[in-house]
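**Q** Dropping in structure.cif, which is mmCIF, C-alpha atoms and all ligand atoms:
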data_run
loop_
_atom_site.group_PDB
_atom_site.id
_atom_site.type_symbol
_atom_site.label_atom_id
_atom_site.label_comp_id
_atom_site.auth_asym_id
_atom_site.auth_seq_id
_atom_site.Cartn_x
_atom_site.Cartn_y
_atom_site.Cartn_z
ATOM 1 C CA VAL D 618 0.000 0.000 0.000
ATOM 2 C CA TYR D 619 1.383 3.418 -0.961
ATOM 3 C CA LEU D 620 1.408 5.846 1.940
ATOM 4 C CA ALA D 621 1.308 9.475 0.839
ATOM 5 C CA VAL D 622 4.014 11.625 2.429
ATOM 6 C CA LEU D 623 3.202 15.244 3.267
ATOM 7 C CA PHE D 624 5.041 18.219 4.658
ATOM 8 C CA GLY D 625 3.965 19.419 8.081
ATOM 9 C CA ILE D 626 4.969 23.023 8.800
ATOM 10 C CA ASP D 627 4.391 24.559 12.229
ATOM 11 C CA ILE D 628 5.260 28.260 12.439
ATOM 12 C CA GLY D 629 6.008 29.690 15.864
ATOM 13 C CA GLY D 630 7.199 33.125 16.916
ATOM 14 C CA THR D 631 10.748 31.785 17.454
ATOM 15 C CA ASN D 632 11.132 28.623 15.355
ATOM 16 C CA THR D 633 9.389 26.920 12.460
ATOM 17 C CA LYS D 634 9.234 23.141 12.622
ATOM 18 C CA VAL D 635 9.224 21.259 9.323
ATOM 19 C CA GLY D 636 8.423 17.556 9.126
ATOM 20 C CA LEU D 637 7.989 14.841 6.545
ATOM 21 C CA VAL D 638 4.987 12.914 7.774
ATOM 22 C CA ASP D 639 3.082 9.868 6.602
ATOM 23 C CA GLN D 640 0.257 8.066 8.354
ATOM 24 C CA THR D 641 2.669 6.153 10.580
ATOM 25 C CA GLY D 642 4.177 9.371 11.959
ATOM 26 C CA ILE D 643 7.187 11.636 11.430
ATOM 27 C CA LEU D 644 9.790 10.387 8.928
ATOM 28 C CA ALA D 645 12.126 13.357 9.329
ATOM 29 C CA LEU D 646 12.025 16.591 11.305
ATOM 30 C CA ALA D 647 13.947 19.857 11.096
ATOM 31 C CA SER D 648 13.658 23.371 12.460
ATOM 32 C CA ILE D 649 14.530 26.819 11.148
ATOM 33 C CA PRO D 650 14.500 30.142 12.983
ATOM 34 C CA THR D 651 11.380 32.092 12.003
ATOM 35 C CA LEU D 652 13.236 35.461 12.360
ATOM 36 C CA VAL D 653 10.004 37.430 12.345
ATOM 37 C CA PRO D 654 11.596 40.913 11.849
ATOM 38 C CA GLN D 655 13.045 39.774 8.479
ATOM 39 C CA GLY D 656 9.551 39.116 7.166
ATOM 40 C CA PRO D 657 7.847 36.199 5.433
ATOM 41 C CA GLU D 658 9.669 36.317 2.059
ATOM 42 C CA LYS D 659 13.093 35.667 3.637
ATOM 43 C CA TRP D 660 11.483 33.018 5.845
ATOM 44 C CA LEU D 661 10.107 31.347 2.726
ATOM 45 C CA GLY D 662 13.633 31.183 1.267
ATOM 46 C CA ARG D 663 14.983 29.491 4.400
ATOM 47 C CA LEU D 664 12.021 27.108 4.398
ATOM 48 C CA GLY D 665 12.804 26.094 0.794
ATOM 49 C CA ALA D 666 16.439 25.297 1.635
ATOM 50 C CA CYS D 667 15.356 23.345 4.725
ATOM 51 C CA VAL D 668 12.794 21.339 2.762
ATOM 52 C CA ASP D 669 15.369 20.394 0.087
ATOM 53 C CA GLN D 670 17.741 19.066 2.763
ATOM 54 C CA LEU D 671 14.973 17.241 4.586
ATOM 55 C CA VAL D 672 13.669 15.494 1.466
ATOM 56 C CA ALA D 673 17.143 14.514 0.270
ATOM 57 C CA GLY D 674 18.078 13.302 3.760
ATOM 58 C CA ALA D 675 15.029 11.033 3.802
ATOM 59 C CA GLY D 676 16.030 9.536 0.428
ATOM 60 C CA LEU D 677 12.971 10.997 -1.302
ATOM 61 C CA SER D 678 12.450 13.415 -4.181
ATOM 62 C CA ARG D 679 10.254 16.516 -4.062
ATOM 63 C CA GLY D 680 7.843 14.869 -6.539
ATOM 64 C CA GLU D 681 7.069 12.149 -4.009
ATOM 65 C CA ILE D 682 5.587 14.631 -1.525
ATOM 66 C CA LYS D 683 1.864 15.002 -2.225
ATOM 67 C CA GLY D 684 0.811 17.963 -0.114
ATOM 68 C CA ALA D 685 1.536 20.230 2.809
ATOM 69 C CA GLY D 686 -0.174 21.180 6.019
ATOM 70 C CA LEU D 687 0.702 24.564 7.463
ATOM 71 C CA ASP D 688 -0.147 26.205 10.752
ATOM 72 C CA CYS D 689 0.616 29.335 12.707
ATOM 73 C CA PRO D 690 -0.795 31.130 15.739
ATOM 74 C CA GLY D 691 -3.342 33.907 15.669
ATOM 75 C CA SER D 692 -6.503 34.619 13.731
ATOM 76 C CA GLN D 693 -6.638 33.628 10.086
ATOM 77 C CA ASP D 694 -8.781 33.959 7.019
ATOM 78 C CA LEU D 695 -8.870 30.252 6.196
ATOM 79 C CA LYS D 696 -10.513 30.779 2.805
ATOM 80 C CA ALA D 697 -7.901 33.275 1.658
ATOM 81 C CA GLY D 698 -5.071 31.466 3.446
ATOM 82 C CA LYS D 699 -3.944 34.647 5.152
ATOM 83 C CA VAL D 700 -2.898 35.585 8.656
ATOM 84 C CA ILE D 701 -5.248 38.287 9.893
ATOM 85 C CA PHE D 702 -3.540 38.969 13.184
ATOM 86 C CA ALA D 703 -0.842 37.046 15.026
ATOM 87 C CA ALA D 704 0.739 38.967 17.922
ATOM 88 C CA ASN D 705 3.983 36.971 17.672
ATOM 89 C CA LEU D 706 4.228 37.218 13.850
ATOM 90 C CA PRO D 707 3.564 40.900 13.120
ATOM 91 C CA THR D 708 5.394 40.881 9.758
ATOM 92 C CA PHE D 709 3.206 37.971 8.590
ATOM 93 C CA ASN D 710 -0.068 39.834 9.207
ATOM 94 C CA GLY D 711 -1.945 40.142 5.897
ATOM 95 C CA TYR D 712 0.613 38.031 4.009
ATOM 96 C CA ALA D 713 -0.738 35.441 1.531
ATOM 97 C CA LEU D 714 0.929 32.684 3.511
ATOM 98 C CA ARG D 715 -0.795 29.565 2.228
ATOM 99 C CA ASP D 716 -0.505 30.342 -1.483
ATOM 100 C CA SER D 717 3.117 31.477 -1.206
ATOM 101 C CA VAL D 718 4.099 28.253 0.567
ATOM 102 C CA SER D 719 2.070 26.170 -1.890
ATOM 103 C CA LYS D 720 3.773 27.825 -4.869
ATOM 104 C CA MET D 721 7.256 27.402 -3.397
ATOM 105 C CA LEU D 722 6.686 23.731 -2.510
ATOM 106 C CA GLY D 723 4.752 22.933 -5.671
ATOM 107 C CA VAL D 724 2.051 21.019 -3.774
ATOM 108 C CA PRO D 725 -1.496 21.765 -2.584
ATOM 109 C CA THR D 726 -1.329 23.282 0.878
ATOM 110 C CA VAL D 727 -3.870 23.411 3.694
ATOM 111 C CA MET D 728 -3.569 26.050 6.404
ATOM 112 C CA ASP D 729 -5.092 26.248 9.869
ATOM 113 C CA ASN D 730 -4.594 27.641 13.348
ATOM 114 C CA ASP D 731 -1.812 25.957 15.367
ATOM 115 C CA ALA D 732 -4.125 24.863 18.178
ATOM 116 C CA ASN D 733 -6.414 23.191 15.632
ATOM 117 C CA THR D 734 -3.529 21.253 14.084
ATOM 118 C CA TYR D 735 -2.279 20.391 17.587
ATOM 119 C CA ALA D 736 -5.727 18.968 18.343
ATOM 120 C CA TYR D 737 -5.821 17.042 15.068
ATOM 121 C CA GLY D 738 -2.333 15.647 15.756
ATOM 122 C CA GLU D 739 -3.534 14.315 19.096
ATOM 123 C CA TYR D 740 -6.687 13.036 17.402
ATOM 124 C CA PHE D 741 -4.920 11.158 14.606
ATOM 125 C CA PHE D 742 -1.600 10.066 16.145
ATOM 126 C CA GLY D 743 -1.892 10.661 19.897
ATOM 127 C CA VAL D 744 -4.515 10.279 22.576
ATOM 128 C CA GLY D 745 -7.411 9.958 20.085
ATOM 129 C CA LYS D 746 -5.724 7.302 17.889
ATOM 130 C CA ALA D 747 -7.946 8.325 14.942
ATOM 131 C CA ARG D 748 -10.970 6.865 16.756
ATOM 132 C CA HIS D 749 -12.075 9.252 19.477
ATOM 133 C CA ASP D 750 -13.353 12.798 19.066
ATOM 134 C CA LEU D 751 -11.519 15.139 21.370
ATOM 135 C CA VAL D 752 -11.025 18.671 22.557
ATOM 136 C CA CYS D 753 -7.515 20.015 22.968
ATOM 137 C CA ILE D 754 -6.556 23.015 25.101
ATOM 138 C CA THR D 755 -3.025 24.349 24.639
ATOM 139 C CA LEU D 756 -1.458 26.299 27.482
ATOM 140 C CA GLY D 757 1.307 28.430 25.950
ATOM 141 C CA THR D 758 1.871 32.164 25.512
ATOM 142 C CA GLY D 759 -1.912 32.285 25.159
ATOM 143 C CA VAL D 760 -4.506 29.546 25.567
ATOM 144 C CA GLY D 761 -5.403 27.880 22.284
ATOM 145 C CA GLY D 762 -8.061 25.323 21.567
ATOM 146 C CA GLY D 763 -9.113 22.801 18.961
ATOM 147 C CA ILE D 764 -12.201 20.628 18.649
ATOM 148 C CA VAL D 765 -12.173 17.466 16.541
ATOM 149 C CA LEU D 766 -15.721 16.238 16.012
ATOM 150 C CA ASN D 767 -16.613 13.331 13.716
ATOM 151 C CA GLY D 768 -12.981 13.332 12.629
ATOM 152 C CA GLN D 769 -13.132 16.953 11.433
ATOM 153 C CA VAL D 770 -11.558 20.083 12.834
ATOM 154 C CA LEU D 771 -14.412 22.362 13.882
ATOM 155 C CA SER D 772 -13.753 25.941 12.742
ATOM 156 C CA GLY D 773 -17.318 26.883 11.897
ATOM 157 C CA PRO D 774 -18.566 29.417 9.341
ATOM 158 C CA LEU D 775 -16.877 32.235 11.286
ATOM 159 C CA GLY D 776 -13.552 30.412 11.469
ATOM 160 C CA VAL D 777 -13.203 30.953 15.215
ATOM 161 C CA GLY D 778 -14.625 27.624 16.379
ATOM 162 C CA GLY D 779 -12.499 26.082 19.091
ATOM 163 C CA GLU D 780 -11.032 29.365 20.404
ATOM 164 C CA LEU D 781 -11.404 27.912 23.860
ATOM 165 C CA GLY D 782 -8.940 30.312 25.480
ATOM 166 C CA HIS D 783 -11.569 33.030 25.117
ATOM 167 C CA ILE D 784 -14.383 31.328 26.964
ATOM 168 C CA VAL D 785 -15.333 33.822 29.689
ATOM 169 C CA ILE D 786 -15.052 32.322 33.158
ATOM 170 C CA GLU D 787 -14.758 35.501 35.318
ATOM 171 C CA PRO D 788 -17.115 38.206 33.965
ATOM 172 C CA HIS D 789 -15.536 40.824 36.252
ATOM 173 C CA GLY D 790 -12.030 39.410 36.136
ATOM 174 C CA ARG D 791 -8.743 40.305 34.458
ATOM 175 C CA LYS D 792 -8.548 42.077 31.108
ATOM 176 C CA CYS D 793 -7.788 39.804 28.139
ATOM 177 C CA THR D 794 -5.537 40.473 25.127
ATOM 178 C CA CYS D 795 -8.604 39.781 22.939
ATOM 179 C CA GLY D 796 -10.430 42.817 24.386
ATOM 180 C CA SER D 797 -12.810 40.881 26.619
ATOM 181 C CA ILE D 798 -12.640 40.342 30.385
ATOM 182 C CA GLY D 799 -12.021 37.179 32.357
ATOM 183 C CA CYS D 800 -11.228 34.704 29.567
ATOM 184 C CA VAL D 801 -9.569 31.366 30.431
ATOM 185 C CA GLU D 802 -6.411 32.801 28.809
ATOM 186 C CA CYS D 803 -6.209 35.528 31.519
ATOM 187 C CA TYR D 804 -5.462 32.823 34.123
ATOM 188 C CA ALA D 805 -4.008 29.761 32.387
ATOM 189 C CA SER D 806 -1.486 31.183 29.869
ATOM 190 C CA ALA D 807 2.070 32.496 30.213
ATOM 191 C CA THR D 808 0.696 35.984 29.551
ATOM 192 C CA GLY D 809 -1.923 35.489 32.263
ATOM 193 C CA PHE D 810 0.632 34.176 34.772
ATOM 194 C CA ARG D 811 2.936 37.161 34.138
ATOM 195 C CA GLY D 812 0.023 39.563 34.594
ATOM 196 C CA MET D 813 -1.167 37.881 37.793
ATOM 197 C CA LEU D 814 2.385 38.012 39.176
ATOM 198 C CA ALA D 815 2.761 41.734 38.382
ATOM 199 C CA GLU D 816 -0.568 42.500 40.081
ATOM 200 C CA ALA D 817 0.357 40.467 43.168
ATOM 201 C CA LEU D 818 3.735 42.233 43.442
ATOM 202 C CA ASP D 819 1.973 45.601 43.135
ATOM 203 C CA GLU D 820 -0.199 44.539 46.084
ATOM 204 C CA GLY D 821 2.949 43.744 48.046
ATOM 205 C CA ARG D 822 2.258 40.004 48.272
ATOM 206 C CA GLU D 823 4.978 37.946 49.909
ATOM 207 C CA THR D 824 6.775 35.645 47.479
ATOM 208 C CA ARG D 825 10.215 34.577 46.380
ATOM 209 C CA LEU D 826 9.210 35.491 42.819
ATOM 210 C CA ILE D 827 10.376 38.747 41.272
ATOM 211 C CA ARG D 828 9.056 40.942 38.492
ATOM 212 C CA GLY D 829 9.771 39.456 35.086
ATOM 213 C CA ASP D 830 9.905 35.823 36.270
ATOM 214 C CA ASP D 831 8.420 33.444 33.730
ATOM 215 C CA VAL D 832 6.145 30.420 34.170
ATOM 216 C CA LYS D 833 9.177 28.156 34.562
ATOM 217 C CA GLU D 834 10.341 30.096 37.650
ATOM 218 C CA MET D 835 6.762 30.229 38.927
ATOM 219 C CA ALA D 836 6.427 26.436 38.604
ATOM 220 C CA GLU D 837 9.713 25.936 40.474
ATOM 221 C CA ALA D 838 8.573 28.313 43.213
ATOM 222 C CA ALA D 839 5.248 26.472 43.477
ATOM 223 C CA GLU D 840 7.019 23.106 43.686
ATOM 224 C CA ASN D 841 9.000 24.600 46.585
ATOM 225 C CA GLY D 842 5.865 25.733 48.407
ATOM 226 C CA ASP D 843 5.753 29.445 47.502
ATOM 227 C CA PRO D 844 2.194 30.440 48.499
ATOM 228 C CA LEU D 845 1.669 33.000 45.714
ATOM 229 C CA ALA D 846 2.963 30.643 43.026
ATOM 230 C CA LEU D 847 0.740 27.844 44.357
ATOM 231 C CA GLU D 848 -2.234 30.209 44.372
ATOM 232 C CA MET D 849 -1.650 31.198 40.725
ATOM 233 C CA PHE D 850 -1.493 27.587 39.516
ATOM 234 C CA GLY D 851 -4.580 26.922 41.628
ATOM 235 C CA LYS D 852 -6.396 29.746 39.829
ATOM 236 C CA ALA D 853 -5.273 28.344 36.489
ATOM 237 C CA GLY D 854 -6.739 24.955 37.449
ATOM 238 C CA VAL D 855 -10.051 26.580 38.422
ATOM 239 C CA ALA D 856 -10.148 28.587 35.170
ATOM 240 C CA LEU D 857 -9.498 25.424 33.159
ATOM 241 C CA ALA D 858 -12.216 23.487 34.993
ATOM 242 C CA ARG D 859 -14.785 26.218 34.267
ATOM 243 C CA GLY D 860 -13.678 26.311 30.634
ATOM 244 C CA VAL D 861 -13.843 22.528 30.350
ATOM 245 C CA THR D 862 -17.339 22.520 31.877
ATOM 246 C CA ASN D 863 -18.521 24.935 29.183
ATOM 247 C CA ILE D 864 -16.827 22.884 26.477
ATOM 248 C CA VAL D 865 -18.343 19.607 27.678
ATOM 249 C CA VAL D 866 -21.892 20.958 27.799
ATOM 250 C CA THR D 867 -21.408 22.557 24.349
ATOM 251 C CA THR D 868 -19.797 19.662 22.489
ATOM 252 C CA GLY D 869 -20.648 16.581 24.550
ATOM 253 C CA ILE D 870 -17.065 15.418 24.036
ATOM 254 C CA GLY D 871 -15.536 13.646 27.021
ATOM 255 C CA LEU D 872 -11.896 13.356 25.963
ATOM 256 C CA ILE D 873 -9.998 16.529 26.871
ATOM 257 C CA VAL D 874 -6.299 16.866 26.080
ATOM 258 C CA ILE D 875 -4.244 19.525 27.864
ATOM 259 C CA GLY D 876 -1.205 20.426 25.754
ATOM 260 C CA ALA D 877 1.702 22.824 25.155
ATOM 261 C CA GLY D 878 4.346 24.157 27.582
ATOM 262 C CA ILE D 879 2.425 24.857 30.786
ATOM 263 C CA SER D 880 0.619 21.486 30.557
ATOM 264 C CA ARG D 881 3.800 20.001 32.075
ATOM 265 C CA SER D 882 2.592 21.485 35.377
ATOM 266 C CA PHE D 883 -1.028 20.325 34.987
ATOM 267 C CA GLU D 884 -0.847 17.074 36.964
ATOM 268 C CA SER D 885 1.496 18.367 39.676
ATOM 269 C CA LEU D 886 0.201 21.910 40.254
ATOM 270 C CA MET D 887 -3.282 22.300 38.734
ATOM 271 C CA ARG D 888 -5.019 18.921 38.963
ATOM 272 C CA GLY D 889 -6.142 19.419 42.566
ATOM 273 C CA SER D 890 -7.975 22.706 42.037
ATOM 274 C CA PHE D 891 -9.170 21.529 38.604
ATOM 275 C CA ASP D 892 -10.875 18.410 39.963
ATOM 276 C CA LYS D 893 -12.385 20.306 42.894
ATOM 277 C CA GLU D 894 -13.852 23.035 40.676
ATOM 278 C CA LEU D 895 -15.077 20.494 38.113
ATOM 279 C CA ALA D 896 -16.989 18.672 40.852
ATOM 280 C CA ILE D 897 -18.710 21.980 41.710
ATOM 281 C CA ARG D 898 -19.483 22.970 38.091
ATOM 282 C CA LEU D 899 -20.146 19.886 36.028
ATOM 283 C CA HIS D 900 -23.366 18.048 36.823
ATOM 284 C CA MET D 901 -24.821 17.482 33.356
ATOM 285 C CA ALA D 902 -22.332 14.690 32.671
ATOM 286 C CA ASP D 903 -20.891 12.071 34.990
ATOM 287 C CA PRO D 904 -17.420 13.377 35.941
ATOM 288 C CA ALA D 905 -16.239 9.761 35.851
ATOM 289 C CA SER D 906 -17.094 9.628 32.132
ATOM 290 C CA LEU D 907 -14.741 12.536 31.508
ATOM 291 C CA ASN D 908 -11.151 11.777 30.543
ATOM 292 C CA VAL D 909 -8.822 14.747 31.043
ATOM 293 C CA VAL D 910 -5.250 13.884 30.043
ATOM 294 C CA THR D 911 -2.060 15.670 29.065
ATOM 295 C CA SER D 912 -0.687 15.574 25.520
ATOM 296 C CA THR D 913 1.323 12.527 24.438
ATOM 297 C CA LEU D 914 2.927 14.089 21.344
ATOM 298 C CA GLY D 915 4.150 17.270 23.021
ATOM 299 C CA ASN D 916 5.797 19.792 20.724
ATOM 300 C CA GLN D 917 5.472 17.511 17.681
ATOM 301 C CA ALA D 918 1.661 17.421 17.851
ATOM 302 C CA ALA D 919 1.097 20.458 15.621
ATOM 303 C CA VAL D 920 3.546 19.478 12.882
ATOM 304 C CA MET D 921 2.050 15.969 12.739
ATOM 305 C CA GLY D 922 -1.495 17.297 12.918
ATOM 306 C CA ALA D 923 -0.898 19.882 10.176
ATOM 307 C CA ALA D 924 0.152 17.101 7.796
ATOM 308 C CA ALA D 925 -2.639 14.745 8.875
ATOM 309 C CA TRP D 926 -5.322 17.427 8.547
ATOM 310 C CA ALA D 927 -3.991 18.313 5.088
ATOM 311 C CA ALA D 928 -4.099 14.622 4.107
ATOM 312 C CA ARG D 929 -7.732 14.555 5.184
ATOM 313 C CA CYS D 930 -8.661 17.809 3.394
ATOM 314 C CA LEU D 931 -6.829 16.706 0.224
ATOM 315 C CA ASP D 932 -8.519 13.263 0.250
ATOM 316 C CA LEU D 933 -5.254 11.369 0.497
ATOM 317 C CA ASN D 934 -7.036 8.713 2.550
ATOM 318 C CA TRP D 935 -4.410 7.847 5.104
ATOM 319 C CA ARG D 936 -6.887 5.885 7.165
ATOM 320 C CA LEU D 937 -8.261 3.898 4.211
ATOM 321 C CA ALA D 938 -4.704 2.781 3.565
ATOM 322 C CA ILE D 939 -4.460 1.625 7.199
ATOM 323 C CA ALA D 940 -7.666 -0.386 6.786
ATOM 324 C CA LYS D 941 -6.250 -2.215 3.773
HETATM 325 ZN ZN ZN U 1 -9.963 36.654 25.552
#
Show the structure stored in the file as structure tokens.
**A**
Amino acid sequence: VYLAVLFGIDIGGTNTKVGLVDQTGILALASIPTLVPQGPEKWLGRLGACVDQLVAGAGLSRGEIKGAGLDCPGSQDLKAGKVIFAANLPTFNGYALRDSVSKMLGVPTVMDNDANTYAYGEYFFGVGKARHDLVCITLGTGVGGGIVLNGQVLSGPLGVGGELGHIVIEPHGRKCTCGSIGCVECYASATGFRGMLAEALDEGRETRLIRGDDVKEMAEAAENGDPLALEMFGKAGVALARGVTNIVVTTGIGLIVIGAGISRSFESLMRGSFDKELAIRLHMADPASLNVVTSTLGNQAAVMGAAAWAARCLDLNWRLAIAK
């Protein structure tokens, strides 16, 4: 059985991951610096050189690659294949990203939000194993989300489906980067943690943390019993539980995957407050029927998911090939 190979391209504010992926997983993986200030055209040149090396290194030719899946953070016009606004990729805003990449690679290219491809990666290769619908919540600079329902990424007619970081859980809470107030992202993202720390320091709260500390330092402080750090992770757990409650009663999906950087602290620092709050909030479904787990693919989920989602959109039938 011939297994189509696709490119998976995951653009981040610092690095761009590039993978050769087939339905068994990653065949080869490389990374290039995104170098945002240089702009997308220079980035495209570096991507081309990287792709040539990757393909040659895998003993393949460019003609053997059948498509590409592409993702980046921020809001996107999926029909036009353009970034509308990505805070970490300001020079890419408005750029015809999908068509430029497609032209350079010479293959049809599918573009989506990086939390959606992360979710699809976990659906196809990870926790979902291409059988179970799931919801993925990524805890990074912001809080991203992706919903895979009936094997499809749910973006909806407005293209914002699955933006779970902007579910409001504290109507009179902290101000969000999106313009709203009290979104999950205000409490469970790196941006939220930094903001909560600054506010606590302004109030003169006692802590070993100092201004400018990042989530890594906050997690270490919490592990060592720092009361403020513990309180912040506790709040993040509560915010997540409220968000998950809203997601469960909206989608009816019981498999929830917590992914990206801060998810490393989910079991150790957030699980307690999460479970407690969930018991208070969620009564429409049996909490025991809910499966909340951390990502198994980690930082490769998006690159794998980008390729897998493209294979699905381009009708390359990865799963039919498995069935044969
Ligand atoms: Zn928001």
**Q** Within 7 Å of ligand ZN 1 (chain U), counting all atoms listed in the file: which residues, as number ranges by chain?
**A** D: 782-783, 793-798, 800, 802
**Q** The PyMOL selection byres (((chain D and resi 727) around 10) and not hetatm) - which residues does that actually catch in the file I just gave you? List them as a list of chain:residue names.
**A**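 When the PyMOL selection byres (((chain D and resi 727) around 10) and not hetatm) is applied, the selected residues are D:Gly625, D:Gly684, D:Ala685, D:Gly686, D:Leu687, D:Asp688, D:Leu695, D:Lys696, D:Gly698, D:Arg715, D:Asp716, D:Val718, D:Ser719, D:Val724, D:Pro725, D:Thr726, D:Met728, D:Asp729, D:Ala923, D:Ala924, D:Trp926, D:Ala927, D:Ala928, D:Arg929, D:Cys930, D:Leu931.
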**Q** What would the selection look like, as an mmCIF file with C-alpha atoms, keeping the file's coordinate frame, if the PyMOL selection byres (((chain D and resi 668-681) around 12) and not hetatm) were run on the coordinates I just shared?
**A**
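Writing the result to part19.cif gives the following:
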data_model
loop_
_atom_site.group_PDB
_atom_site.id
_atom_site.type_symbol
_atom_site.label_atom_id
_atom_site.label_comp_id
_atom_site.auth_asym_id
_atom_site.auth_seq_id
_atom_site.Cartn_x
_atom_site.Cartn_y
_atom_site.Cartn_z
ATOM 1 C CA TYR D 619 1.383 3.418 -0.961
ATOM 2 C CA LEU D 620 1.408 5.846 1.940
ATOM 3 C CA ALA D 621 1.308 9.475 0.839
ATOM 4 C CA VAL D 622 4.014 11.625 2.429
ATOM 5 C CA LEU D 623 3.202 15.244 3.267
ATOM 6 C CA PHE D 624 5.041 18.219 4.658
ATOM 7 C CA GLY D 625 3.965 19.419 8.081
ATOM 8 C CA ILE D 626 4.969 23.023 8.800
ATOM 9 C CA THR D 633 9.389 26.920 12.460
ATOM 10 C CA LYS D 634 9.234 23.141 12.622
ATOM 11 C CA VAL D 635 9.224 21.259 9.323
ATOM 12 C CA GLY D 636 8.423 17.556 9.126
ATOM 13 C CA LEU D 637 7.989 14.841 6.545
ATOM 14 C CA VAL D 638 4.987 12.914 7.774
ATOM 15 C CA ASP D 639 3.082 9.868 6.602
ATOM 16 C CA ILE D 643 7.187 11.636 11.430
ATOM 17 C CA LEU D 644 9.790 10.387 8.928
ATOM 18 C CA ALA D 645 12.126 13.357 9.329
ATOM 19 C CA LEU D 646 12.025 16.591 11.305
ATOM 20 C CA ALA D 647 13.947 19.857 11.096
ATOM 21 C CA SER D 648 13.658 23.371 12.460
ATOM 22 C CA ILE D 649 14.530 26.819 11.148
ATOM 23 C CA LEU D 661 10.107 31.347 2.726
ATOM 24 C CA GLY D 662 13.633 31.183 1.267
ATOM 25 C CA ARG D 663 14.983 29.491 4.400
ATOM 26 C CA LEU D 664 12.021 27.108 4.398
ATOM 27 C CA GLY D 665 12.804 26.094 0.794
ATOM 28 C CA ALA D 666 16.439 25.297 1.635
ATOM 29 C CA CYS D 667 15.356 23.345 4.725
ATOM 30 C CA ILE D 682 5.587 14.631 -1.525
ATOM 31 C CA LYS D 683 1.864 15.002 -2.225
ATOM 32 C CA GLY D 684 0.811 17.963 -0.114
ATOM 33 C CA ALA D 685 1.536 20.230 2.809
ATOM 34 C CA VAL D 718 4.099 28.253 0.567
ATOM 35 C CA MET D 721 7.256 27.402 -3.397
ATOM 36 C CA LEU D 722 6.686 23.731 -2.510
ATOM 37 C CA GLY D 723 4.752 22.933 -5.671
ATOM 38 C CA VAL D 724 2.051 21.019 -3.774
#
**Q** Could you spell out the hits of the PyMOL selection byres (((chain D and resi 922) around 6) and not hetatm) on the shown file, as a VMD selection string?
**A** chain D and resid 734 to 735 737 to 738 918 to 921 923 to 926
**Q** Taking every listed atom of range 859-862 of chain D and adding 6 Å to each side, what centre and edge lengths in Å (one decimal) does the axis-aligned box have, as lines of an AutoDock Vina configuration file?
**A**
center_x = -15.5
center_y = 24.4
center_z = 32.3
size_x = 15.7
size_y = 15.8
size_z = 15.9
**Q** What lies within 7 Å of Ala805 in chain D using all atoms listed in the file, ignoring chain neighbours under 4 positions off, as a PyMOL selection string?
**A** chain D and resi 756+760+801+809-810+853+856
**Q** Please identify every residue of range 741-840 of chain D that has at least one atom no farther than 9 Å from an atom of range 888-912 of chain D, counting all atoms listed in the file, and for each give the shortest atom pair and the distance in Å to one decimal, arranged by chain then increasing number, as a tab-separated table.
**A**
residue	atom	partner	partner_atom	distance
D:Gly743	CA	D:Ser912	CA	7.6
D:Val744	CA	D:Ser912	CA	7.2
D:Cys753	CA	D:Ser912	CA	8.5
**Q** Take the residues that were just selected and, keeping C-alpha atoms, output them as a compact mmCIF listing (two decimals), in the coordinates of the input.
**A**
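Okay, selection_37.txt is ready:
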# COMPACT_ATOMS: atom_id res chain seq x y z
CA GLY D 743 -1.89 10.66 19.90
CA VAL D 744 -4.51 10.28 22.58
CA CYS D 753 -7.52 20.02 22.97
**Q** Take CA of Pro654 in chain D and CA of Ser717 in chain D and report the distance between them in Å, one decimal.
**A**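 According to the coordinates, CA of Pro654 in chain D and CA of Ser717 in chain D are separated by 18.2 Å.
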**Q** Counting all atoms listed in the file, what is within 12 Å of Lys746 in chain D, bar same-chain residues fewer than 3 positions away, as a list in words?
**A**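 The contact residues come out as Gln640, Thr641, Gly642, Ala736, Tyr737, Gly738, Glu739, Tyr740, Phe741, Phe742, Gly743, His749, Asp750, Leu751, Gly768, Leu872, Thr913, Leu914, Gly922 and Arg936 of chain D.
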**Q** Have a look at D:Thr758, D:Asn733, D:Ser772, D:Gln655 and name the one nearest to Ala704 in chain D; count all atoms listed in the file.
**A** D:Thr758
**Q** Select, from D:Glu820, D:Asp830, D:Asp627, D:Glu840, the residue with the minimum atom-to-atom distance to Asp731 in chain D, counting all atoms listed in the file.
**A**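 Result for the nearest residue to Asp731 in chain D: D:Asp627.
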**Q** Quick one: pull the distance between CA of Ile754 in chain D and CA of Ile864 in chain D, Å, one decimal.
**A**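 It comes out at 10.4 Å.
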**Q** Give me, please, the distance in Å between CA of Ala858 in chain D and CA of Glu834 in chain D, quoted to one decimal.
**A**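 Spanning CA of Ala858 in chain D to CA of Glu834 in chain D is a straight-line distance of 23.7 Å.
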**Q** Restricting the calculation to all atoms listed in the file: of D:Ile879, D:Leu714, D:Leu933, D:Leu826, which residue gets closest to Gly759 in chain D?
**A** D:Ile879
